[in-house]
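S.K.: Quick one: the structure is below, and I'll ask about it shortly.
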Amino acid sequence: MQDEPYTSRLEQVREQYKAYESRPFDITIARGIPSPKQLELSKSLLDTMEQTDWMSEDEQDIRNYGGLLGIQEARVLFGSLLGTTIEETLVAGNASLQMMYSVLIMQMYTGKANWHSEGEIKFLCPSPGYDRHFSMLERLGIQMIPIELTGSGPDMETVEKLVSQDSSIKGIFCVPTYSNPTGETYSDEVVERLADMHTAAEDFIIMWDNAYVVHHLYEEQEEVLNILEACKEAGVPDRPYMFVSTSKMTFPGAGVAAVGASETNILRLAEELSKQIISFDKLNQKRHVNFLKDKETIHQLMAQHADLLRPKFEWIQAILEAYFGGERGKFLQWTEPKGGYFVHLTTANGCATEIVDKLKQVGIQLTPANATYPYGINPLDNSIRLAPSFIGLDKLEVALEALCTCVELVTLEKYGEEF
Ligand SMILES: Cc1ncc(COP(=O)(O)O)c(C=O)c1O
């Protein structure tokens with residue numbers, strides 16, 4: 001510590017923590033879900049259906065079975081987000097995660113790929129990443145290899161080396177825009193290298209989860225190159241599967257998800273899905289088209305979301321800067337995302353689990369430390385994810401101050417005078 005002996009500072013933070021123990025909180029900043037105010041922004045979506053409005057543009061009765069690829073107008077709308085043609089777009093049900101799982105099952109058990117017949121299968125997992133991607137891979141017995149993120153996507157040298165040598169590495173999971181949880185967006189160079197790289201596995205796939213494609217916090221927007229176009233140019237059009245959903249535009253769990261891929265892959269996926277479902281909810285697809293209309297209308301809606309989210313992100317930056325700016329940066333580093341739903345904290349090594357536990361003991365729930373790593377294993381024990389979207393600014397301020405106290409307490413207790 002620069003201004004006071006660490007022992008007296010440690011006493012102060014211990015006292016502060018005791019005060020929290022005597023008056024515990026009840027605050028959760030664990031999962032990235034929209035706040036009630038954000039949900040209000042889409043309430044008129046429920047009134048967009050005319051009682052006579054039952055035919056889609058491609059003459060499907062949206063009240064009935066059929067049309068597994070989605071109604072035409074929804075395929076056009078989601079194609080505008082994915083950067084795909086109608087033929088390269090499948091509009092599905094309410095969860096992009098379910099589509100990701102369906103793609104993996106298809107690759108594992110059917111058709112030419114039939115990975116499970118090859119024995120051990122591996123996936124590259126840029127980390128920290130999204131825990132639900134990792135639990136999906138774990139469930140399917142696919143071995144995960146963590147890959148470091150650089151601030152503009154995965155460490156491509158390592159990726160290229162591994163995929164060129166090992167034919168059991170069948171894919172990579174990417175969140176290319178405002179990544180969960182680091183907030184970084186993949187650079188053009190990274191996208192091009194992912195498309196161009198030689199893979200020992202001929203059936204290597206890129207799971208391109210563009211969940212935060214329009215989730216900008218500021219007018220200046222980060223945009224990622226179109227991976228399908230890059231892969232077409234590189235002669236590997238069947239490599240990427242791209243995913244988006246309206247979960248964080250309209251209603252999570254009651255939105256619409258879409259997949260973008262080569263026409264061959266879309267038809268294969270539709271065939272696979274036909275073994276699970278007769279058709280998705282086309283009424284909801286139509287409601288979403290009526291409400292979201294086009295890219296411009298989506299951007300206007302997302303700007304309203306941003307107005308609600310931005311103060312929370314800026315508040316976090318201000319508090320962290322006040323506590324750990326300058327010399328005190330050795331206690332904690334944090335990301336400054338320009339979009340998405342998360343701020344990622346890097347603590348001193350070996351401190352993250354205890355910080356999260358200490359917060360839990362005083363009634364503040366965070367995502368479990370290191371949950372953002374495959375199998376929840378991070379040997380450095382230094383990763384904490386903040387998800388500030390749901391709670392109000394008042395609670396966020398309290399939670400952040402308690403977090404800063406716990407960061408200091410745990411770090412000082414562990415490292416003592418070294419700090
Ligand atoms: C990266 C990422 N992908 C997918 C999802 C979930 O999407 P969906 O609701 O479409 O399944 C989330 C939700 O937090 C996410 O962060």
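Residues in the structure tokens are named by chain (A, B, ... in the order shown) and by number from 1 within that chain; ligands are numbered from 1 in the order shown.
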Could you write out, as a ChimeraX atom specification, all the residues of stretch 44-223 of chain A that DSSP marks as alpha helix (DSSP H)?
M.R.: /A:72-82,96-109,131-139,156-165,188-196
S.K.: Name the residues in contact with A:Ile316 at a cut-off of 12 Å, using only C-alpha atoms, excluding same-chain residues fewer than 3 positions from it; report them as a PyMOL selection string.
M.R.: chain A and resi 309-313+319-324+334-337+342-345+386-389+393-401+403-404
S.K.: Create the file for the chosen residues now, containing C-alpha atoms and written as a CSV table (one decimal), in the first residue's frame.
M.R.:
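Output file selection22.csv is given in full below:
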chain,number,residue,atom,x,y,z
A,309,LEU,CA,-27.9,-0.2,-19.5
A,310,ARG,CA,-25.2,2.4,-20.1
A,311,PRO,CA,-25.5,4.1,-16.7
A,312,LYS,CA,-24.9,0.8,-14.9
A,313,PHE,CA,-21.8,0.0,-16.9
A,319,ILE,CA,-16.5,2.8,-8.7
A,320,LEU,CA,-13.7,0.4,-9.8
A,321,GLU,CA,-11.6,3.4,-11.0
A,322,ALA,CA,-12.2,5.1,-7.6
A,323,TYR,CA,-11.1,2.1,-5.7
A,324,PHE,CA,-8.5,0.5,-7.9
A,334,TRP,CA,-11.4,-5.0,-15.4
A,335,THR,CA,-12.8,-4.7,-18.9
A,336,GLU,CA,-14.5,-1.6,-20.3
A,337,PRO,CA,-17.0,-3.1,-22.7
A,342,PHE,CA,-20.9,-8.1,-18.8
A,343,VAL,CA,-17.9,-6.7,-17.1
A,344,HIS,CA,-15.0,-9.2,-16.4
A,345,LEU,CA,-12.7,-8.8,-13.4
A,386,LEU,CA,-20.3,-9.1,-13.3
A,387,ALA,CA,-23.8,-9.0,-14.8
A,388,PRO,CA,-25.3,-5.6,-13.9
A,389,SER,CA,-28.3,-5.5,-16.2
A,393,LEU,CA,-28.3,1.6,-9.8
A,394,ASP,CA,-28.9,1.9,-6.0
A,395,LYS,CA,-28.3,-1.8,-5.4
A,396,LEU,CA,-25.5,-1.9,-7.9
A,397,GLU,CA,-23.6,0.8,-6.0
A,398,VAL,CA,-24.0,-1.1,-2.7
A,399,ALA,CA,-22.9,-4.4,-4.3
A,400,LEU,CA,-19.9,-2.8,-6.0
A,401,GLU,CA,-18.7,-1.2,-2.8
A,403,LEU,CA,-17.1,-6.1,-3.9
A,404,CYS,CA,-14.3,-3.6,-3.6
S.K.: Got a sec: who's within 12 Å of A:Ser187, counting only C-alpha atoms, leaving out chain neighbours fewer than 2 positions off, as a PDB file with N, CA and C atoms, in the first residue's frame?
M.R.:
ATOM      1  N   LEU A 149      -7.953 -15.490 -24.630  1.00  0.00           N
ATOM      2  CA  LEU A 149      -8.478 -14.366 -25.409  1.00  0.00           C
ATOM      3  C   LEU A 149      -7.497 -13.208 -25.302  1.00  0.00           C
ATOM      4  N   THR A 150      -7.427 -12.421 -26.387  1.00  0.00           N
ATOM      5  CA  THR A 150      -6.369 -11.402 -26.432  1.00  0.00           C
ATOM      6  C   THR A 150      -6.889  -9.974 -26.285  1.00  0.00           C
ATOM      7  N   GLY A 151      -8.209  -9.804 -26.265  1.00  0.00           N
ATOM      8  CA  GLY A 151      -8.798  -8.457 -26.312  1.00  0.00           C
ATOM      9  C   GLY A 151      -9.420  -8.200 -27.668  1.00  0.00           C
ATOM     10  N   SER A 152      -9.028  -9.006 -28.672  1.00  0.00           N
ATOM     11  CA  SER A 152      -9.665  -8.882 -29.997  1.00  0.00           C
ATOM     12  C   SER A 152      -9.909 -10.272 -30.572  1.00  0.00           C
ATOM     13  N   GLY A 153     -10.229 -11.205 -29.668  1.00  0.00           N
ATOM     14  CA  GLY A 153     -10.512 -12.569 -30.112  1.00  0.00           C
ATOM     15  C   GLY A 153      -9.478 -13.553 -29.596  1.00  0.00           C
ATOM     16  N   PRO A 154      -9.621 -14.840 -29.983  1.00  0.00           N
ATOM     17  CA  PRO A 154      -8.712 -15.859 -29.452  1.00  0.00           C
ATOM     18  C   PRO A 154      -7.281 -15.707 -29.964  1.00  0.00           C
ATOM     19  N   ASP A 155      -6.362 -16.257 -29.197  1.00  0.00           N
ATOM     20  CA  ASP A 155      -4.959 -16.278 -29.588  1.00  0.00           C
ATOM     21  C   ASP A 155      -4.817 -17.187 -30.814  1.00  0.00           C
ATOM     22  N   MET A 156      -4.743 -16.546 -31.983  1.00  0.00           N
ATOM     23  CA  MET A 156      -4.853 -17.308 -33.237  1.00  0.00           C
ATOM     24  C   MET A 156      -3.634 -18.180 -33.508  1.00  0.00           C
ATOM     25  N   PRO A 176     -18.416 -13.630 -31.004  1.00  0.00           N
ATOM     26  CA  PRO A 176     -17.528 -12.678 -31.683  1.00  0.00           C
ATOM     27  C   PRO A 176     -17.782 -11.203 -31.397  1.00  0.00           C
ATOM     28  N   THR A 177     -19.004 -10.854 -30.964  1.00  0.00           N
ATOM     29  CA  THR A 177     -19.292  -9.438 -30.708  1.00  0.00           C
ATOM     30  C   THR A 177     -19.567  -9.239 -29.227  1.00  0.00           C
ATOM     31  N   TYR A 178     -18.871  -8.295 -28.602  1.00  0.00           N
ATOM     32  CA  TYR A 178     -19.056  -8.006 -27.175  1.00  0.00           C
ATOM     33  C   TYR A 178     -19.153  -9.311 -26.389  1.00  0.00           C
ATOM     34  N   GLU A 184     -15.115  -8.284 -25.505  1.00  0.00           N
ATOM     35  CA  GLU A 184     -14.301  -7.965 -26.671  1.00  0.00           C
ATOM     36  C   GLU A 184     -14.972  -8.399 -27.973  1.00  0.00           C
ATOM     37  N   THR A 185     -14.584  -7.695 -29.054  1.00  0.00           N
ATOM     38  CA  THR A 185     -15.106  -8.015 -30.389  1.00  0.00           C
ATOM     39  C   THR A 185     -13.947  -8.510 -31.243  1.00  0.00           C
ATOM     40  N   GLU A 189      -8.844  -9.399 -38.630  1.00  0.00           N
ATOM     41  CA  GLU A 189      -7.750 -10.359 -38.846  1.00  0.00           C
ATOM     42  C   GLU A 189      -8.098 -11.718 -38.237  1.00  0.00           C
ATOM     43  N   VAL A 190      -8.650 -11.702 -37.050  1.00  0.00           N
ATOM     44  CA  VAL A 190      -9.012 -12.965 -36.388  1.00  0.00           C
ATOM     45  C   VAL A 190     -10.060 -13.710 -37.219  1.00  0.00           C
ATOM     46  N   VAL A 191     -11.069 -12.979 -37.698  1.00  0.00           N
ATOM     47  CA  VAL A 191     -12.133 -13.633 -38.486  1.00  0.00           C
ATOM     48  C   VAL A 191     -11.518 -14.252 -39.742  1.00  0.00           C
ATOM     49  N   GLU A 192     -10.660 -13.497 -40.399  1.00  0.00           N
ATOM     50  CA  GLU A 192     -10.069 -14.018 -41.638  1.00  0.00           C
ATOM     51  C   GLU A 192      -9.190 -15.238 -41.363  1.00  0.00           C
ATOM     52  N   ARG A 193      -8.462 -15.190 -40.267  1.00  0.00           N
ATOM     53  CA  ARG A 193      -7.591 -16.337 -39.961  1.00  0.00           C
ATOM     54  C   ARG A 193      -8.413 -17.573 -39.598  1.00  0.00           C
ATOM     55  N   LEU A 194      -9.547 -17.363 -38.914  1.00  0.00           N
ATOM     56  CA  LEU A 194     -10.417 -18.510 -38.588  1.00  0.00           C
ATOM     57  C   LEU A 194     -10.951 -19.154 -39.873  1.00  0.00           C
ATOM     58  N   GLU A 222     -19.213  -1.524 -32.498  1.00  0.00           N
ATOM     59  CA  GLU A 222     -18.230  -2.514 -32.954  1.00  0.00           C
ATOM     60  C   GLU A 222     -18.950  -3.557 -33.808  1.00  0.00           C
ATOM     61  N   GLU A 223     -18.387  -3.802 -34.986  1.00  0.00           N
ATOM     62  CA  GLU A 223     -19.017  -4.798 -35.868  1.00  0.00           C
ATOM     63  C   GLU A 223     -17.998  -5.808 -36.316  1.00  0.00           C
ATOM     64  N   VAL A 224     -18.446  -7.037 -36.389  1.00  0.00           N
ATOM     65  CA  VAL A 224     -17.529  -8.110 -36.728  1.00  0.00           C
ATOM     66  C   VAL A 224     -17.716  -8.491 -38.197  1.00  0.00           C
ATOM     67  N   LEU A 225     -16.637  -8.941 -38.833  1.00  0.00           N
ATOM     68  CA  LEU A 225     -16.744  -9.367 -40.232  1.00  0.00           C
ATOM     69  C   LEU A 225     -17.678 -10.554 -40.364  1.00  0.00           C
ATOM     70  N   ASN A 226     -18.247 -10.714 -41.548  1.00  0.00           N
ATOM     71  CA  ASN A 226     -19.157 -11.835 -41.821  1.00  0.00           C
ATOM     72  C   ASN A 226     -18.341 -13.125 -42.010  1.00  0.00           C
ATOM     73  N   ILE A 227     -18.434 -14.009 -41.042  1.00  0.00           N
ATOM     74  CA  ILE A 227     -17.614 -15.231 -41.080  1.00  0.00           C
ATOM     75  C   ILE A 227     -18.037 -16.162 -42.211  1.00  0.00           C
TER      76      ILE A 227
END
S.K.: In stretch 169-219 of chain A, what's strand (DSSP E or B) per DSSP? Answer as a PDB file with N, CA, C and O atoms, in the first residue's frame?
M.R.:
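Ended up saving to out09.pdb:
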ATOM      1  N   ILE A 169      -9.695 -32.388 -33.082  1.00  0.00           N
ATOM      2  CA  ILE A 169     -10.266 -31.071 -32.754  1.00  0.00           C
ATOM      3  C   ILE A 169     -11.264 -30.719 -33.855  1.00  0.00           C
ATOM      4  O   ILE A 169     -10.892 -30.464 -34.995  1.00  0.00           O
ATOM      5  N   LYS A 170     -12.536 -30.724 -33.471  1.00  0.00           N
ATOM      6  CA  LYS A 170     -13.600 -30.608 -34.478  1.00  0.00           C
ATOM      7  C   LYS A 170     -14.233 -29.239 -34.542  1.00  0.00           C
ATOM      8  O   LYS A 170     -15.074 -28.997 -35.415  1.00  0.00           O
ATOM      9  N   GLY A 171     -13.915 -28.377 -33.599  1.00  0.00           N
ATOM     10  CA  GLY A 171     -14.573 -27.077 -33.663  1.00  0.00           C
ATOM     11  C   GLY A 171     -14.082 -26.093 -32.632  1.00  0.00           C
ATOM     12  O   GLY A 171     -13.221 -26.399 -31.795  1.00  0.00           O
ATOM     13  N   ILE A 172     -14.672 -24.908 -32.723  1.00  0.00           N
ATOM     14  CA  ILE A 172     -14.358 -23.833 -31.782  1.00  0.00           C
ATOM     15  C   ILE A 172     -15.660 -23.079 -31.494  1.00  0.00           C
ATOM     16  O   ILE A 172     -16.493 -22.919 -32.382  1.00  0.00           O
ATOM     17  N   PHE A 173     -15.849 -22.684 -30.240  1.00  0.00           N
ATOM     18  CA  PHE A 173     -17.028 -21.885 -29.852  1.00  0.00           C
ATOM     19  C   PHE A 173     -16.617 -20.427 -29.746  1.00  0.00           C
ATOM     20  O   PHE A 173     -15.679 -20.113 -29.003  1.00  0.00           O
ATOM     21  N   CYS A 174     -17.303 -19.551 -30.464  1.00  0.00           N
ATOM     22  CA  CYS A 174     -16.927 -18.131 -30.443  1.00  0.00           C
ATOM     23  C   CYS A 174     -18.131 -17.252 -30.110  1.00  0.00           C
ATOM     24  O   CYS A 174     -19.241 -17.523 -30.564  1.00  0.00           O
ATOM     25  N   ILE A 205     -15.854 -27.266 -37.487  1.00  0.00           N
ATOM     26  CA  ILE A 205     -16.896 -26.227 -37.555  1.00  0.00           C
ATOM     27  C   ILE A 205     -16.601 -25.071 -36.584  1.00  0.00           C
ATOM     28  O   ILE A 205     -15.940 -25.257 -35.563  1.00  0.00           O
ATOM     29  N   ILE A 206     -17.129 -23.920 -36.961  1.00  0.00           N
ATOM     30  CA  ILE A 206     -17.035 -22.746 -36.078  1.00  0.00           C
ATOM     31  C   ILE A 206     -18.442 -22.453 -35.560  1.00  0.00           C
ATOM     32  O   ILE A 206     -19.354 -22.193 -36.357  1.00  0.00           O
ATOM     33  N   MET A 207     -18.614 -22.530 -34.254  1.00  0.00           N
ATOM     34  CA  MET A 207     -19.906 -22.186 -33.639  1.00  0.00           C
ATOM     35  C   MET A 207     -19.833 -20.698 -33.315  1.00  0.00           C
ATOM     36  O   MET A 207     -19.105 -20.285 -32.396  1.00  0.00           O
ATOM     37  N   TRP A 208     -20.535 -19.897 -34.103  1.00  0.00           N
ATOM     38  CA  TRP A 208     -20.402 -18.431 -34.096  1.00  0.00           C
ATOM     39  C   TRP A 208     -21.626 -17.837 -33.409  1.00  0.00           C
ATOM     40  O   TRP A 208     -22.625 -17.517 -34.048  1.00  0.00           O
ATOM     41  N   ASP A 209     -21.553 -17.727 -32.092  1.00  0.00           N
ATOM     42  CA  ASP A 209     -22.710 -17.293 -31.311  1.00  0.00           C
ATOM     43  C   ASP A 209     -22.709 -15.776 -31.209  1.00  0.00           C
ATOM     44  O   ASP A 209     -22.084 -15.201 -30.315  1.00  0.00           O
ATOM     45  N   HIS A 216     -25.152  -2.686 -28.673  1.00  0.00           N
ATOM     46  CA  HIS A 216     -24.158  -1.632 -28.466  1.00  0.00           C
ATOM     47  C   HIS A 216     -24.583  -0.742 -27.305  1.00  0.00           C
ATOM     48  O   HIS A 216     -25.767  -0.474 -27.137  1.00  0.00           O
TER      49      HIS A 216
END
S.K.: Residues within 10 Å of stretch 43-60 of chain A, please, as number ranges by chain. Count only C-alpha atoms; anything in the same chain fewer than 2 positions from it doesn't count.
M.R.: A: 38-41, 62-67, 70-74, 250-251, 282-292
S.K.: Env of A:Gln300: 12 Å cut, atoms = only C-alpha atoms, seq-sep filter 5 positions within chain, self excluded. Answer as a list in words.
M.R.: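 Answer for this query is Leu41, Ser42, Val214, His215, His216, Glu219, Met249, Phe291, Leu292, Lys293, Asp294, Lys295, His305, Ala306 and Asp307 of chain A.
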S.K.: Residues within 7 Å of stretch 353-367 of chain A, please, as an NGL selection string. Count only C-alpha atoms; anything in the same chain fewer than 5 positions from it doesn't count.
M.R.: :A and (20-21 or 24-31 or 381 or 385-386 or 399 or 403 or 406-407 or 410)
S.K.: By how many Å are atom CA of A:Ser35 and atom CA of A:Gly392 apart?
M.R.: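 Distance reported for this atom pair: 8.3 Å.
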S.K.: Measuring between only C-alpha atoms and all ligand atoms, which one of A:Lys161, A:Lys275, A:His116, A:Lys248 shows the shortest distance to ligand 1?
M.R.: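 Of the candidates, the smallest distance to ligand 1 is held by A:Lys248.
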S.K.: Expressed in Å to a single decimal, how great is the separation between atom CA of A:Leu308 and atom CA of A:Glu296?
M.R.: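 These atoms are spaced 19.1 Å apart.
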S.K.: Of the residues A:Ala92, A:Thr405, A:Pro237, A:His299, which is the one nearest to A:Ser274, using only C-alpha atoms?
M.R.: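 Result for the nearest residue to A:Ser274: A:Ala92.
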S.K.: So, counting only C-alpha atoms and all ligand atoms, which residue among A:Tyr212, A:Phe204, A:Tyr6, A:Phe134 is closest to ligand 1?
M.R.: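 Using only C-alpha atoms and all ligand atoms, ligand 1 sits closest to A:Tyr212.
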S.K.: Using only C-alpha atoms and all ligand atoms for the distances, tell me which of A:Ala303, A:Leu332, A:Val213, A:Ala230 is nearest to ligand 1.
M.R.: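 Of A:Ala303, A:Leu332, A:Val213, A:Ala230, the one nearest ligand 1, counting only C-alpha atoms and all ligand atoms, is A:Val213.
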S.K.: For atom CA of A:Glu118 and atom CA of A:Leu104, determine how far apart the two atoms are, in Å to one decimal place.
M.R.: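 Between these atoms lies a distance of 14.6 Å.
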